[in-house]
file final01.cif (mmCIF, C-alpha atoms)
data_start
loop_
_atom_site.label_atom_id
_atom_site.label_comp_id
_atom_site.auth_asym_id
_atom_site.auth_seq_id
_atom_site.Cartn_x
_atom_site.Cartn_y
_atom_site.Cartn_z
CA MET A 297 19.01 -26.24 -31.43
CA THR A 298 16.68 -29.07 -32.36
CA GLY A 299 15.01 -30.09 -35.57
CA ASP A 300 12.18 -31.92 -33.81
CA PRO A 301 8.97 -30.39 -35.32
CA VAL A 302 6.92 -31.41 -32.26
CA ARG A 303 9.20 -29.46 -29.93
CA TRP A 304 9.10 -26.47 -32.32
CA LEU A 305 5.29 -26.69 -32.29
CA TRP A 306 5.12 -26.70 -28.48
CA THR A 307 7.58 -23.80 -28.33
CA ALA A 308 5.40 -21.79 -30.71
CA VAL A 309 2.32 -22.59 -28.64
CA ALA A 310 4.08 -21.48 -25.44
CA VAL A 311 5.23 -18.22 -27.02
CA GLY A 312 1.74 -17.62 -28.35
CA LEU A 313 0.19 -18.17 -24.94
CA TRP A 314 2.70 -15.81 -23.35
CA LEU A 315 1.87 -13.13 -25.93
CA LEU A 316 -1.83 -13.62 -25.20
CA VAL A 317 -1.17 -13.13 -21.47
CA VAL A 318 0.80 -9.94 -22.13
CA ALA A 319 -1.92 -8.64 -24.45
CA ALA A 320 -4.63 -9.45 -21.90
CA VAL A 321 -2.77 -7.65 -19.14
CA ALA A 322 -2.18 -4.63 -21.35
CA TRP A 323 -5.85 -4.54 -22.34
CA SER A 324 -6.94 -4.90 -18.70
CA ARG A 325 -4.69 -2.06 -17.57
CA ALA A 326 -5.88 0.17 -20.41
CA ARG A 327 -9.49 -0.57 -19.49
CA THR A 328 -8.73 0.27 -15.84
CA ARG A 329 -7.18 3.60 -16.89
CA ARG A 330 -10.18 4.40 -19.10
CA ALA A 331 -12.56 3.50 -16.27
CA ALA A 332 -10.64 5.68 -13.84
CA ALA A 333 -10.74 8.57 -16.30
CA ALA A 334 -14.47 8.05 -16.76
CA ARG A 335 -15.01 8.12 -13.01
CA THR A 336 -12.94 11.28 -12.73
CA HIS A 337 -14.96 13.19 -15.30
CA ALA A 338 -18.31 11.74 -14.31
CA LEU A 339 -18.51 14.08 -11.33
CA ALA A 340 -17.40 17.15 -13.29
CA SER A 341 -19.96 19.08 -15.31
CA GLY A 342 -18.25 22.31 -16.29
CA GLY A 343 -15.22 24.52 -16.17
CA ASP A 344 -16.13 25.77 -12.69
CA ALA A 345 -15.74 22.32 -11.13
CA VAL A 346 -13.82 22.04 -7.86
CA THR A 347 -10.65 19.97 -8.23
CA VAL A 348 -10.20 17.38 -5.48
CA ALA A 349 -6.60 16.15 -5.40
CA PHE A 350 -5.20 13.34 -3.29
CA ALA A 351 -1.74 12.28 -2.14
CA SER A 352 -2.19 8.73 -0.87
CA GLN A 353 0.13 6.02 0.40
CA THR A 354 -2.32 3.27 1.42
CA GLY A 355 -5.45 4.33 -0.46
CA LEU A 356 -7.28 6.08 2.40
CA ALA A 357 -6.61 9.60 1.13
CA GLU A 358 -7.87 8.61 -2.32
CA GLU A 359 -11.02 7.14 -0.78
CA LEU A 360 -11.67 10.33 1.21
CA ALA A 361 -11.07 12.40 -1.92
CA TRP A 362 -13.80 10.49 -3.75
CA MET A 363 -16.15 10.91 -0.77
CA THR A 364 -15.41 14.63 -0.84
CA ALA A 365 -16.17 14.86 -4.55
CA ARG A 366 -19.38 12.89 -4.24
CA SER A 367 -20.54 15.08 -1.37
CA LEU A 368 -19.85 18.21 -3.43
CA SER A 369 -21.67 16.75 -6.42
CA GLU A 370 -24.70 15.76 -4.32
CA ALA A 371 -24.79 19.34 -2.98
CA GLY A 372 -24.89 20.73 -6.52
CA THR A 373 -21.20 21.63 -6.86
CA SER A 374 -19.44 19.77 -9.67
CA ALA A 375 -16.09 18.20 -8.82
CA ARG A 376 -13.28 16.26 -10.44
CA VAL A 377 -10.79 13.97 -8.71
CA THR A 378 -7.12 13.72 -9.66
CA PRO A 379 -3.86 12.49 -8.11
CA LEU A 380 -1.82 15.41 -6.77
CA GLY A 381 1.27 13.75 -8.20
CA GLU A 382 -0.06 14.31 -11.72
CA MET A 383 -0.43 18.07 -11.23
CA ASN A 384 2.11 20.86 -11.71
CA ALA A 385 2.11 24.62 -11.13
CA ALA A 386 0.10 25.30 -14.29
CA ALA A 387 -2.52 22.72 -13.33
CA LEU A 388 -2.79 24.21 -9.85
CA ARG A 389 -3.34 27.71 -11.26
CA ALA A 390 -5.96 26.39 -13.67
CA ALA A 391 -7.81 24.65 -10.84
CA THR A 392 -8.90 27.97 -9.24
CA ARG A 393 -10.67 26.05 -6.43
CA LEU A 394 -8.77 23.10 -5.01
CA LEU A 395 -9.43 20.67 -2.17
CA ILE A 396 -6.53 18.39 -1.20
CA VAL A 397 -6.51 15.21 0.87
CA ALA A 398 -2.88 14.51 1.76
CA SER A 399 -1.39 11.64 3.74
CA THR A 400 1.92 11.68 5.57
CA THR A 401 3.93 8.47 5.57
CA GLY A 402 6.53 7.63 8.16
CA GLU A 403 8.28 10.48 9.94
CA GLY A 404 6.83 13.38 7.99
CA ASP A 405 7.47 12.02 4.48
CA ALA A 406 5.34 12.60 1.41
CA PRO A 407 3.62 9.59 -0.19
CA ASP A 408 5.71 7.94 -2.90
CA GLY A 409 3.22 8.93 -5.61
CA VAL A 410 3.97 12.66 -5.17
CA SER A 411 7.76 12.36 -5.26
CA ARG A 412 8.02 14.17 -8.60
CA PHE A 413 5.57 16.86 -7.47
CA VAL A 414 7.63 17.52 -4.34
CA ARG A 415 10.92 17.59 -6.23
CA GLN A 416 9.87 19.60 -9.28
CA THR A 417 6.92 21.73 -8.15
CA MET A 418 7.41 22.26 -4.42
CA ASP A 419 11.16 22.95 -4.64
CA ALA A 420 10.45 26.72 -4.54
CA PRO A 421 7.41 29.02 -4.30
CA VAL A 422 5.49 29.64 -7.54
CA ASP A 423 2.78 32.15 -8.43
CA LEU A 424 -0.52 30.66 -7.26
CA SER A 425 -2.18 33.97 -6.44
CA GLY A 426 -5.44 32.97 -8.12
CA LEU A 427 -5.85 29.69 -6.25
CA ALA A 428 -8.19 29.11 -3.30
CA TYR A 429 -7.69 25.80 -1.50
CA GLY A 430 -8.66 23.65 1.45
CA LEU A 431 -6.48 20.91 2.92
CA LEU A 432 -7.32 17.72 4.81
CA ALA A 433 -4.07 16.34 6.27
CA LEU A 434 -3.96 12.71 7.41
CA GLY A 435 -1.42 11.62 10.02
CA ASP A 436 -0.67 9.70 13.18
CA ARG A 437 0.39 11.44 16.40
CA THR A 438 2.49 8.47 17.47
CA TYR A 439 5.06 9.79 14.97
CA ALA A 440 7.09 12.86 15.90
CA ASP A 441 6.39 14.80 12.68
CA PHE A 442 2.59 14.54 12.79
CA CYS A 443 1.00 15.45 9.41
CA GLY A 444 4.47 16.54 8.28
CA PHE A 445 3.77 16.45 4.56
CA GLY A 446 0.36 18.08 4.89
CA ARG A 447 1.86 20.92 6.93
CA ALA A 448 4.74 21.34 4.47
CA LEU A 449 2.28 21.42 1.56
CA ASP A 450 0.10 23.98 3.34
CA GLY A 451 3.10 26.22 4.02
CA TRP A 452 4.29 26.02 0.42
CA LEU A 453 0.84 26.86 -0.95
CA GLN A 454 0.61 29.96 1.24
CA ARG A 455 4.16 31.07 0.38
CA SER A 456 3.11 30.73 -3.26
CA GLY A 457 0.22 33.16 -2.75
CA ALA A 458 -2.64 30.66 -2.63
CA GLU A 459 -5.48 31.61 -0.28
CA PRO A 460 -6.79 29.03 2.21
CA LEU A 461 -10.56 28.64 2.21
CA PHE A 462 -10.35 27.59 5.88
CA ASP A 463 -7.74 26.45 8.38
CA ARG A 464 -6.00 23.16 7.65
CA VAL A 465 -7.93 20.17 9.03
CA GLU A 466 -5.70 17.52 10.61
CA VAL A 467 -6.84 13.95 11.15
CA ASP A 468 -5.12 11.79 13.75
CA ASP A 469 -5.37 8.12 12.76
CA GLY A 470 -8.81 8.41 11.16
CA ASP A 471 -10.34 10.56 13.93
CA ALA A 472 -14.05 10.83 13.11
CA GLY A 473 -14.38 14.25 14.75
CA ALA A 474 -11.78 15.77 12.45
CA VAL A 475 -13.43 14.20 9.40
CA ARG A 476 -16.79 15.67 10.49
CA HIS A 477 -15.10 19.08 10.74
CA TRP A 478 -13.97 18.65 7.11
CA GLN A 479 -17.57 17.81 6.20
CA HIS A 480 -18.71 20.96 7.99
CA GLN A 481 -16.31 23.04 5.89
CA LEU A 482 -17.64 21.40 2.72
CA GLY A 483 -21.13 22.37 3.82
CA LEU A 484 -20.05 26.00 4.23
CA LEU A 485 -18.54 25.94 0.73
CA THR A 486 -21.63 24.51 -0.92
CA GLY A 487 -24.33 26.06 1.25
CA ALA A 488 -25.80 22.59 1.71
CA THR A 489 -25.80 20.10 4.56
CA ILE A 490 -23.25 17.33 4.17
CA HIS A 491 -24.52 14.03 5.57
CA PRO A 492 -23.22 13.74 9.14
CA ASP A 493 -22.51 10.01 8.99
CA TRP A 494 -19.98 10.31 6.18
CA THR A 495 -18.07 7.08 6.77
CA PRO A 496 -16.17 4.49 4.71
CA PRO A 497 -18.17 1.66 3.09
CA ALA A 498 -19.76 -0.86 5.43
CA TYR A 499 -17.86 -3.90 6.62
CA ASP A 500 -18.59 -7.42 5.45
CA ARG A 501 -18.67 -10.45 7.71
CA TRP A 502 -15.77 -12.91 7.65
CA THR A 503 -15.14 -16.05 9.70
CA LEU A 504 -11.79 -17.03 11.17
CA VAL A 505 -11.08 -20.48 9.73
CA GLU A 506 -7.42 -20.98 10.59
CA ARG A 507 -4.80 -19.57 12.96
CA ARG A 508 -1.26 -20.97 12.89
CA HIS A 509 1.73 -20.00 15.02
CA LEU A 510 4.59 -19.38 12.57
CA ASN A 511 7.54 -18.94 14.93
CA PRO A 512 7.30 -20.95 18.15
CA GLY A 513 10.47 -20.51 20.19
CA SER A 514 11.45 -17.28 18.44
CA PRO A 515 13.39 -14.63 20.37
CA GLY A 516 10.98 -12.12 18.84
CA GLY A 517 7.26 -11.63 19.25
CA GLU A 518 4.78 -14.32 18.24
CA ALA A 519 3.84 -14.24 14.56
CA TRP A 520 0.61 -15.88 13.41
CA LEU A 521 -0.93 -16.76 10.06
CA LEU A 522 -4.65 -15.99 10.15
CA ALA A 523 -7.16 -16.96 7.49
CA PHE A 524 -10.72 -15.62 7.13
CA ALA A 525 -13.44 -16.96 4.83
CA PRO A 526 -16.14 -14.59 3.50
CA ASP A 527 -19.67 -15.04 4.85
CA GLY A 528 -22.25 -14.79 2.07
CA HIS A 529 -20.32 -12.48 -0.24
CA THR A 530 -17.74 -12.79 -3.01
CA PRO A 531 -14.97 -10.25 -2.46
CA ALA A 532 -12.52 -9.16 -5.13
CA TRP A 533 -9.06 -7.73 -4.61
CA VAL A 534 -5.56 -7.83 -6.11
CA ALA A 535 -2.05 -8.22 -4.74
CA GLY A 536 -1.07 -5.18 -2.71
CA ASP A 537 -4.51 -4.36 -1.33
CA ILE A 538 -5.23 -3.72 2.36
CA ALA A 539 -7.85 -5.04 4.77
CA GLU A 540 -9.47 -3.05 7.56
CA ILE A 541 -10.62 -5.23 10.46
CA GLY A 542 -13.09 -3.68 12.88
CA LEU A 543 -12.25 -4.21 16.55
CA PRO A 544 -14.85 -5.18 19.17
CA ALA A 545 -16.10 -2.44 21.50
CA ARG A 546 -14.18 -1.95 24.73
CA ALA A 547 -15.69 -2.84 28.10
CA ASP A 548 -16.63 0.81 28.62
CA GLY A 549 -18.56 0.82 25.34
CA THR A 550 -16.11 2.97 23.38
CA ASP A 551 -15.31 2.10 19.79
CA PRO A 552 -11.61 1.29 19.27
CA GLY A 553 -11.95 1.64 15.50
CA SER A 554 -10.15 -0.64 13.06
CA ARG A 555 -6.67 -1.84 12.15
CA GLU A 556 -5.12 -2.28 8.72
CA TYR A 557 -3.27 -5.37 7.52
CA SER A 558 -1.64 -6.31 4.21
CA VAL A 559 -3.53 -9.12 2.50
CA ALA A 560 -1.27 -12.14 1.94
CA SER A 561 -3.58 -14.10 -0.38
CA LEU A 562 -5.72 -13.76 -3.50
CA PRO A 563 -9.46 -14.27 -4.14
CA ASP A 564 -8.72 -17.59 -5.87
CA ASP A 565 -7.51 -18.89 -2.51
CA GLY A 566 -11.07 -18.54 -1.23
CA ARG A 567 -9.96 -16.69 1.88
CA ALA A 568 -8.11 -13.60 3.07
CA GLU A 569 -4.88 -14.40 4.85
CA PHE A 570 -2.68 -12.21 7.07
CA ILE A 571 0.52 -12.46 9.07
CA VAL A 572 0.06 -10.70 12.41
CA ARG A 573 2.62 -10.23 15.16
CA ARG A 574 1.34 -10.17 18.74
CA MET A 575 2.54 -6.87 20.16
CA ILE A 576 3.34 -6.49 23.87
CA ARG A 577 3.04 -3.13 25.61
CA PRO A 578 5.68 -1.87 28.09
CA ASP A 579 3.43 -2.96 30.98
CA GLY A 580 3.33 -6.53 29.62
CA SER A 581 -0.24 -6.42 28.29
CA PRO A 582 -0.92 -7.42 24.68
CA GLY A 583 -1.77 -4.93 21.97
CA LEU A 584 -5.48 -4.30 21.64
CA ALA A 585 -5.83 -5.58 18.07
CA SER A 586 -3.01 -8.10 17.85
CA GLY A 587 -3.84 -9.66 21.22
CA TRP A 588 -7.46 -10.15 20.19
CA LEU A 589 -6.66 -11.55 16.75
CA THR A 590 -3.87 -13.91 17.79
CA HIS A 591 -5.28 -15.24 21.08
CA ASP A 592 -8.78 -14.14 22.06
CA LEU A 593 -10.67 -14.56 18.80
CA ALA A 594 -11.69 -18.21 18.38
CA VAL A 595 -11.66 -20.18 15.15
CA GLY A 596 -15.24 -20.06 13.91
CA ASP A 597 -15.84 -16.54 15.25
CA ALA A 598 -16.91 -13.79 12.84
CA VAL A 599 -15.30 -10.37 12.38
CA ASP A 600 -16.20 -7.19 10.52
CA MET A 601 -13.77 -6.56 7.67
CA ARG A 602 -13.46 -4.93 4.30
CA ILE A 603 -10.69 -5.05 1.72
CA ARG A 604 -9.95 -1.79 -0.05
CA PRO A 605 -7.68 -0.92 -2.97
CA ASN A 606 -4.12 0.18 -2.27
CA ARG A 607 -3.09 1.25 -5.77
CA SER A 608 0.26 2.57 -4.61
CA PHE A 609 1.33 -1.04 -3.91
CA HIS A 610 -0.19 -2.82 -6.89
CA GLY A 611 2.24 -4.83 -8.97
CA PRO A 612 3.44 -4.39 -12.55
CA ALA A 613 2.50 -6.54 -15.55
CA PRO A 614 3.65 -10.19 -15.26
CA GLY A 615 6.35 -9.66 -17.88
CA THR A 616 8.09 -7.08 -15.68
CA PRO A 617 10.82 -8.43 -13.38
CA LEU A 618 9.83 -7.88 -9.74
CA ILE A 619 12.14 -7.50 -6.73
CA LEU A 620 10.38 -8.04 -3.38
CA ILE A 621 12.14 -6.85 -0.21
CA GLY A 622 10.84 -7.12 3.34
CA ASN A 623 11.17 -8.30 6.89
CA GLY A 624 9.00 -9.90 9.56
CA THR A 625 5.26 -9.73 8.98
CA GLY A 626 5.98 -7.65 5.85
CA LEU A 627 6.20 -11.02 4.12
CA ALA A 628 2.38 -10.86 3.98
CA GLY A 629 2.34 -7.85 1.67
CA LEU A 630 4.88 -9.50 -0.65
CA ARG A 631 3.40 -13.00 -0.71
CA ALA A 632 0.34 -12.08 -2.78
CA HIS A 633 2.61 -10.66 -5.49
CA TRP A 634 4.44 -13.88 -6.21
CA LYS A 635 1.23 -15.86 -5.83
CA ALA A 636 -0.33 -13.61 -8.50
CA ARG A 637 2.30 -14.81 -10.98
CA GLY A 638 1.98 -18.48 -10.13
CA GLY A 639 1.53 -20.87 -13.02
CA GLN A 640 2.08 -18.31 -15.78
CA PRO A 641 5.07 -16.97 -17.70
CA HIS A 642 6.59 -13.96 -15.95
CA GLY A 643 9.64 -11.75 -16.01
CA GLY A 644 11.11 -13.09 -12.78
CA VAL A 645 10.44 -12.63 -9.07
CA TRP A 646 13.27 -12.18 -6.56
CA LEU A 647 12.49 -12.21 -2.81
CA LEU A 648 14.92 -10.75 -0.29
CA PHE A 649 13.69 -11.32 3.26
CA GLY A 650 15.04 -10.78 6.76
CA GLU A 651 14.08 -12.11 10.19
CA ARG A 652 15.74 -13.12 13.47
CA THR A 653 16.65 -16.83 13.38
CA ARG A 654 16.54 -19.46 10.67
CA ALA A 655 15.49 -22.15 13.15
CA HIS A 656 12.39 -20.31 14.35
CA ASP A 657 11.65 -17.39 12.00
CA ALA A 658 11.92 -18.80 8.49
CA PHE A 659 8.27 -17.95 7.90
CA LEU A 660 6.45 -20.19 5.41
CA ASP A 661 9.72 -21.95 4.56
CA GLU A 662 8.15 -24.98 2.89
CA GLU A 663 5.92 -22.75 0.79
CA LEU A 664 8.87 -20.59 -0.26
CA GLN A 665 10.96 -23.60 -1.26
CA ALA A 666 8.04 -24.99 -3.27
CA ALA A 667 7.58 -21.61 -4.99
CA VAL A 668 11.24 -21.67 -6.02
CA MET A 669 10.92 -25.23 -7.33
CA ALA A 670 7.77 -24.28 -9.29
CA GLY A 671 9.38 -21.18 -10.75
CA ASP A 672 6.93 -18.79 -9.11
CA LEU A 673 9.96 -17.39 -7.29
CA THR A 674 13.03 -17.03 -9.47
CA ARG A 675 15.38 -16.34 -6.60
CA LEU A 676 15.23 -16.37 -2.78
CA ASP A 677 17.77 -14.72 -0.46
CA ARG A 678 17.28 -14.50 3.30
CA ALA A 679 19.16 -12.96 6.23
CA PHE A 680 18.81 -13.85 9.92
CA SER A 681 20.07 -11.16 12.27
CA ARG A 682 20.32 -13.28 15.46
CA ASP A 683 22.10 -16.29 13.94
CA ALA A 684 25.77 -16.83 14.68
CA GLY A 685 27.69 -16.58 11.44
CA ASP A 686 24.97 -14.46 9.84
CA GLY A 687 23.93 -11.41 11.84
CA ARG A 688 22.72 -9.58 8.75
CA TYR A 689 19.59 -7.53 8.19
CA VAL A 690 17.77 -7.64 4.89
CA GLN A 691 19.41 -4.41 3.65
CA ALA A 692 22.78 -6.18 3.78
CA LEU A 693 21.55 -8.52 1.03
CA ILE A 694 21.10 -5.52 -1.25
CA ALA A 695 24.73 -4.52 -0.89
CA GLU A 696 25.97 -8.11 -1.25
CA HIS A 697 24.02 -8.68 -4.46
CA GLY A 698 24.34 -5.13 -5.81
CA ASP A 699 25.56 -6.13 -9.27
CA THR A 700 22.69 -8.56 -9.74
CA LEU A 701 20.17 -6.04 -8.44
CA ARG A 702 21.44 -3.38 -10.86
CA ASP A 703 21.13 -5.89 -13.69
CA TRP A 704 17.50 -6.62 -12.76
CA VAL A 705 16.71 -2.90 -12.63
CA ASP A 706 18.46 -2.37 -15.98
CA ARG A 707 16.11 -5.01 -17.39
CA GLY A 708 13.12 -2.97 -16.18
CA ALA A 709 12.50 -4.51 -12.76
CA ALA A 710 10.12 -2.93 -10.25
CA ILE A 711 10.97 -2.93 -6.53
CA HIS A 712 8.36 -3.48 -3.81
CA VAL A 713 9.26 -3.09 -0.12
CA CYS A 714 7.04 -4.19 2.78
CA GLY A 715 7.68 -4.33 6.51
CA SER A 716 8.71 -2.18 9.44
CA LEU A 717 9.10 1.55 8.96
CA GLU A 718 11.75 1.95 11.63
CA GLY A 719 15.04 0.31 10.78
CA MET A 720 14.12 -1.87 7.82
CA SER A 721 12.58 0.54 5.32
CA LYS A 722 15.11 3.28 6.04
CA GLY A 723 17.98 0.82 5.85
CA VAL A 724 16.66 -0.62 2.59
CA GLN A 725 16.24 2.86 1.11
CA THR A 726 19.81 3.77 2.01
CA ALA A 727 21.15 0.49 0.61
CA LEU A 728 19.23 0.91 -2.65
CA ALA A 729 20.49 4.48 -3.00
CA ASP A 730 24.06 3.24 -2.46
CA VAL A 731 23.72 0.49 -5.07
CA LEU A 732 21.64 2.31 -7.68
CA GLY A 733 22.42 5.95 -6.94
CA ALA A 734 20.06 8.38 -5.24
CA GLY A 735 19.06 9.96 -8.53
CA ARG A 736 18.10 6.68 -10.11
CA LEU A 737 16.11 5.65 -7.04
CA THR A 738 14.17 8.91 -7.34
CA GLU A 739 13.51 8.14 -11.01
CA LEU A 740 12.21 4.68 -10.08
CA THR A 741 9.93 6.20 -7.44
CA GLU A 742 8.48 8.73 -9.85
CA ALA A 743 7.99 6.06 -12.52
CA GLY A 744 6.09 3.85 -10.06
CA ARG A 745 8.84 1.21 -10.12
CA TYR A 746 9.79 1.66 -6.45
CA ARG A 747 6.81 1.18 -4.13
CA ARG A 748 6.53 0.74 -0.36
CA ASP A 749 3.99 -0.56 2.12
CA VAL A 750 5.64 0.15 5.47
CA TYR A 751 4.26 0.60 8.95
#
call {"tool": "encode", "arguments": {"input": "final01.cif", "output": "structure tokens"}}
result
Amino acid sequence: MTGDPVRWLWTAVAVGLWLLVVAAVAWSRARTRRAAAARTHALASGGDAVTVAFASQTGLAEELAWMTARSLSEAGTSARVTPLGEMNAAALRAATRLLIVASTTGEGDAPDGVSRFVRQTMDAPVDLSGLAYGLLALGDRTYADFCGFGRALDGWLQRSGAEPLFDRVEVDDGDAGAVRHWQHQLGLLTGATIHPDWTPPAYDRWTLVERRHLNPGSPGGEAWLLAFAPDGHTPAWVAGDIAEIGLPARADGTDPGSREYSVASLPDDGRAEFIVRRMIRPDGSPGLASGWLTHDLAVGDAVDMRIRPNRSFHGPAPGTPLILIGNGTGLAGLRAHWKARGGQPHGGVWLLFGERTRAHDAFLDEELQAAVMAGDLTRLDRAFSRDAGDGRYVQALIAEHGDTLRDWVDRGAAIHVCGSLEGMSKGVQTALADVLGAGRLTELTEAGRYRRDVY
């Protein structure tokens, strides 16, 4: 204790500023919720409105749900949009007419945001005999259980007595033909023509301004930090959001589409940054997107890109302790979260990160050490699987520091995981369930305190 009135004055000022930050965040979040509610009801104009529900992991299903609702509204059919995770059996029965856009994450899993719905509502058939529904299932055929959650949801709805308005529409990795078939079904429902070029918002132009090799000499694939500056526009995004980068047309003129990357920076940085690993195919050729971005694209060249919201990976208020867990290029999706808390009071940020070797794969080491010194990172623990005397993966850190991790969670911490789906995310999930208990991990998921961005 000190009796120095000057120090007491500065302490009071600091506490006051912290309270102002907390109040501002709370007000901002409340305004966001009110705006979302206003958007939801803006499309609805009566009790006969079609309910459009979404189950989204990266934000694409939510975006398609809003496109669906707008198309219905423009065709004279009122619609309201709602997260599927906020519905229950009673809400489904009350909907009468329901259109669902449902993503599958990983090997057939439901998005994190519908964990409670799956556990409490889909655990057994219910009476939905008055419900008519249509389902757009999003998936990726490179995974064995293609559209696994969408198919499971469709089966449960039919076992519950709901009547499909048309056969389930399955979309493989954003296939435009399947999306047009969904539009066709909407046209049959409304009796109006749905615009044939129903596509996501247009790309903006960005210029590559920096490309830096992060792991020369690594036993793993090349990892690169890429930075793009906006050309003639002022983009806005928050930590956790995702960028879609359009790929150049192939030599035969076909459109290879786009690729998604976690944004590793914030608008205040003046540029969008990414960590991209150059993938090598079995025949030795580079991956289409990663090869172009890490080698062929020249600094100064422009690309087509847009940044879209990924609400399922947004962070909590600054006063909430935050545990960040990841490996490899997943550091990108975690980096923006600790940067977002830089220079302000916060509840603590703990990064647990895994890669191959300390000598070559300690990505952004100087930046991480500086963040610890500045207090932007409260704690940093790393594991290097190829180092003699280490040999650990990031999930091993969870077990080793289980008591500390439980203490953070007891204090209200949120957990964000970013990185590879195979191996890392499953190992981390198992380790968290061992340390916290499977039931508690489910509670954290349903409360939005356990969030993943895995690929």
call {"tool": "atom_distance", "arguments": {"input": "final01.cif", "atom1": "atom CA of Met720 of chain A", "atom2": "atom CA of Phe680 of chain A"}}
result
13.0 Å
call {"tool": "resolve_selection", "arguments": {"input": "final01.cif", "expression": "the PyMOL selection byres ((chain A and resi 345-357) around 8)", "output": "ChimeraX atom specification"}}
result
/A:340-344,358-362,364-365,373-381,391-401,406-410,434,538,604-609,749
call {"tool": "residues_around", "arguments": {"input": "final01.cif", "residues": "Leu504 of chain A", "least_positions_apart": "4", "cutoff": "10 Å", "atoms": "only C-alpha atoms", "output": "PyMOL selection string"}}
result
chain A and resi 522-526+567-569+589+593-599
call {"tool": "closest_residue", "arguments": {"input": "final01.cif", "among": "A:Pro617, A:Leu732, A:Ala670, A:Asp699", "to": "His712 of chain A", "atoms": "all atoms listed in the file"}}
result
A:Pro617
call {"tool": "residues_around", "arguments": {"input": "final01.cif", "residues": "Ser411 of chain A", "least_positions_apart": "4", "cutoff": "7 Å", "atoms": "only C-alpha atoms", "output": "PDB file with C-alpha atoms, keeping the file's coordinate frame"}}
result
ATOM      1  CA  ARG A 415      10.920  17.590  -6.230  1.00  0.00           C
ATOM      2  CA  THR A 741       9.930   6.200  -7.440  1.00  0.00           C
ATOM      3  CA  GLU A 742       8.480   8.730  -9.850  1.00  0.00           C
TER       4      GLU A 742
END
call {"tool": "resolve_selection", "arguments": {"input": "final01.cif", "expression": "the PyMOL selection byres ((chain A and resi 654-665) around 8)", "output": "JSON, numbers by chain"}}
result
{"A": [510, 511, 512, 513, 514, 651, 652, 653, 666, 667, 668, 669, 673, 680, 683]}
call {"tool": "atom_distance", "arguments": {"input": "final01.cif", "atom1": "atom CA of Ile571 of chain A", "atom2": "atom CA of Gly644 of chain A"}}
result
24.3 Å
call {"tool": "resolve_selection", "arguments": {"input": "final01.cif", "expression": "the PyMOL selection byres ((chain A and resi 518) around 6)", "output": "ChimeraX atom specification"}}
result
/A:517,519,573-574
call {"tool": "closest_residue", "arguments": {"input": "final01.cif", "among": "A:Asp441, A:Asp468, A:Asp551, A:Glu739", "to": "Ala710 of chain A", "atoms": "all atoms listed in the file"}}
result
A:Glu739
call {"tool": "atom_distance", "arguments": {"input": "final01.cif", "atom1": "atom CA of Phe462 of chain A", "atom2": "atom CA of Leu424 of chain A"}}
result
16.7 Å
call {"tool": "closest_residue", "arguments": {"input": "final01.cif", "among": "A:Gly483, A:Gly735, A:Pro515, A:Gly536", "to": "Ser558 of chain A", "atoms": "only C-alpha atoms"}}
result
A:Gly536
call {"tool": "closest_residue", "arguments": {"input": "final01.cif", "among": "A:Arg747, A:Arg602, A:Arg577, A:Arg507", "to": "Ala539 of chain A", "atoms": "all atoms listed in the file"}}
result
A:Arg602
call {"tool": "residues_near_point", "arguments": {"input": "final01.cif", "point": "(19.0, -3.1, -13.9)", "cutoff": "12 Å", "atoms": "only C-alpha atoms", "output": "PyMOL selection string"}}
result
chain A and resi 616-619+698-711+728+731-733+736-737+740+745
call {"tool": "residues_near_point", "arguments": {"input": "final01.cif", "point": "(-13.7, -8.7, -3.3)", "cutoff": "12 Å", "atoms": "all atoms listed in the file", "output": "NGL selection string"}}
result
:A and (499-500 or 502 or 525-535 or 537-539 or 559 or 561-568 or 601-605)
